Amino acid sequence: MVAGHLQQKKGYWYMVLNLHDQAGRRKTKWIATHLPVPGNRKRAEELLFQTRHQYADSKGESGLLFADYMLQWLGIMKAKVSPTTYTGYRNLVENSICPYFWERRITLAGLRASDVQRYYDDLLASGVSGNTILHHHANIHKALKYAVKMDLIPFNPADKVERPKKQRYIADYYRQEELERLLEASKDHPYSLLIQMTAFYGLRRSEALGLKWDAIDFERDTITIKHIVTNAKIDGKSEIVCADRAKTKSSLRSLPLVSNIREKLLALREQQKENRRVCGNCYSKKYDGYVFVDAMGNIFNPRSVTANFSKLLEQNGLRHIRFHDLRHSCASLLLANDVPLKQIQEWLGHSDIGTTANIYSHLDYKSKITSANVMDNILTLPDTRQTGWHT
C-alpha cells in the first residue's frame, strides 16, 4: 500500500500520496477530499486509508497483507477509542495476531474463514483460554467489518468461524468474617479508606481511584461514580490515565454516603489541606481534586494498589484475593442478606441484570432453599419400600 498522509489546505482536508514515477523518482500527489477541516478528521482518515489501498491495486502492487492491514486499522482506532481500550487492542494485534499472519503471508483479500479458524484452533492448542480467544475474535471481526465498510473486501470472513464458547466466570470473594479481618488489619494502612469504600460500595478499582471531591455531596449525603483512573501503555510507556467518564452508561450512578464513611472522608479532606499547606510548592497540583492521593498529592497508581494490596494480605496471613475481588465480596454479602439481584445490579453499576446473574447467581443459595421448601410444601412424595427390582 502506498504511503500517504492528510494535509490541511484552505480549510479543507487533502490526501497527499507518496508515489514514484517510472524512473523511480519520488513524487507527491494531492487529492481533494472536499471535506471541511472542522469535525471531519475521522472521515478524512477513512478516505485516505481507502484511497491508499485502491491506488496500490490500480498500479498492480502486491496485495496488502492481513497483518499489515491490522496495524493500519489499529492506527485508525487510536483516535476513536479510549487509551485503555486501545492498549488492549494493541497488545493482541502486535503480540499475537500480526506475528501469526505475517509468518503465513496471507493477504487481506486472500483471507478465508478457514485461516481465522485455524488461528483460533492454534491458540486453543497452545493453552489460551476460550474467553481470551473471544477477545482476539472481537478485534479481528471489528477490523474486518471496517474493511468491508471501506470496500476493501466484499464480506467478513470472521462471520463464518466457530467461536469458542464463553467460559462461565466464578468470582472469588471474602466471606464476612474474612472481610472484617482485612478491614481490621488495614485500619492503619495508607489504603485503609480506599479498601473500606471499595468493599462497602462494590466499586471497580478504576472507580474507587477516580473518586473526586466534587462527586461527593456532603449536604445531600451522596457519592456519584463518574470518574475513572486506570493504567494504559501509550507509545510503549505505562501511564496513568484519568477520564471523566464511567465504564458504561449504567456505571454512572449515585450512592448514599453513610455516616461512618462520611466522617472519614471529611477527616481525609482536612488532612489533605494540611499536607498541601506543609508541603507548599512541593505538593503536586496535577491531581488536585482527587480523593485518593498520597501525602505529596500524587494519585495512587492502579498497578501499585494491586501489588501493595497483595503484600498487605500476605503480611497479615490473609487468604489471597485480587483487589477487584473486594467488589465480588460486596455482592456476596448483599446476596447472603437477601438483597434482590436487581438491586445488586444497580448498586454495582452493571449494564443489565443478566451480567449480575451470570457472575453471582451461584452464590444465591438462599433462593434455592426457598424453592426447595416451596416444592416440599406443594408436592407430597409417597412413602416407598425398597423391594428390589423385578424382571
# chains A, B, ... in the order shown; residues from 1 in each chain; ligands from 1
$ residues_around --residues "region 305-317 of chain A" --least-positions-apart "4" --cutoff "12 Å" --atoms "only C-alpha atoms" --output "JSON, numbers by chain"
{"A": [174, 178, 179, 181, 182, 183, 184, 185, 186, 187, 188, 189, 190, 191, 192, 194, 195, 205, 206, 208, 209, 229, 230, 231, 292, 293, 294, 299, 300, 301, 321, 322, 323, 324, 325, 326]}
$ select_by_dssp --residues "region 166-324 of chain A" --states "strand (DSSP E)" --output "list in words"
Ile216, Asp217, Thr222, Ile223, Thr224, Ile225, Ile228, Val229, Thr230, Asn231, Ala232, Lys233, Ile234, Lys237, Ser238, Glu239, Ile240, Val241, Cys242, Ala243, Arg253, Ser254, Leu255 and Pro256 of chain A
$ closest_residue --among "A:Asp151, A:Glu162, A:Glu270, A:Glu219" --to "Gln117 (chain A)" --atoms "only C-alpha atoms"
A:Glu162
$ select_by_dssp --residues "region 6-244 of chain A" --states "helix (DSSP H, G or I)" --output "PyMOL selection string"
chain A and resi 41-58+66-77+83-104+113-125+130-149+157-160+176-185+192-201+205-209+213-215
$ closest_residue --among "A:Glu46, A:Asp338, A:Asp376, A:Glu346" --to "Leu203 (chain A)" --atoms "only C-alpha atoms"
A:Glu346
$ atom_distance --atom1 "CA of Lys9 (chain A)" --atom2 "CA of Lys42 (chain A)"
16.7 Å
$ closest_residue --among "A:Cys279, A:Leu268, A:Ile153, A:Ala199" --to "Ser332 (chain A)" --atoms "only C-alpha atoms"
A:Ala199
$ atom_distance --atom1 "CA of Lys237 (chain A)" --atom2 "CA of Ser96 (chain A)"
19.3 Å
$ closest_residue --among "A:Pro164, A:Tyr86, A:Gly289, A:Phe155" --to "Asp121 (chain A)" --atoms "only C-alpha atoms"
A:Pro164
$ residues_around --residues "region 118-120 of chain A" --least-positions-apart "4" --cutoff "10 Å" --atoms "only C-alpha atoms" --output "ChimeraX atom specification"
/A:96-97,100-101,113-114,124-126,128,130,133-134,136-137,161-164
$ closest_residue --among "A:Gly4, A:Arg25, A:Lys80, A:Glu177" --to "Leu318 (chain A)" --atoms "only C-alpha atoms"
A:Glu177
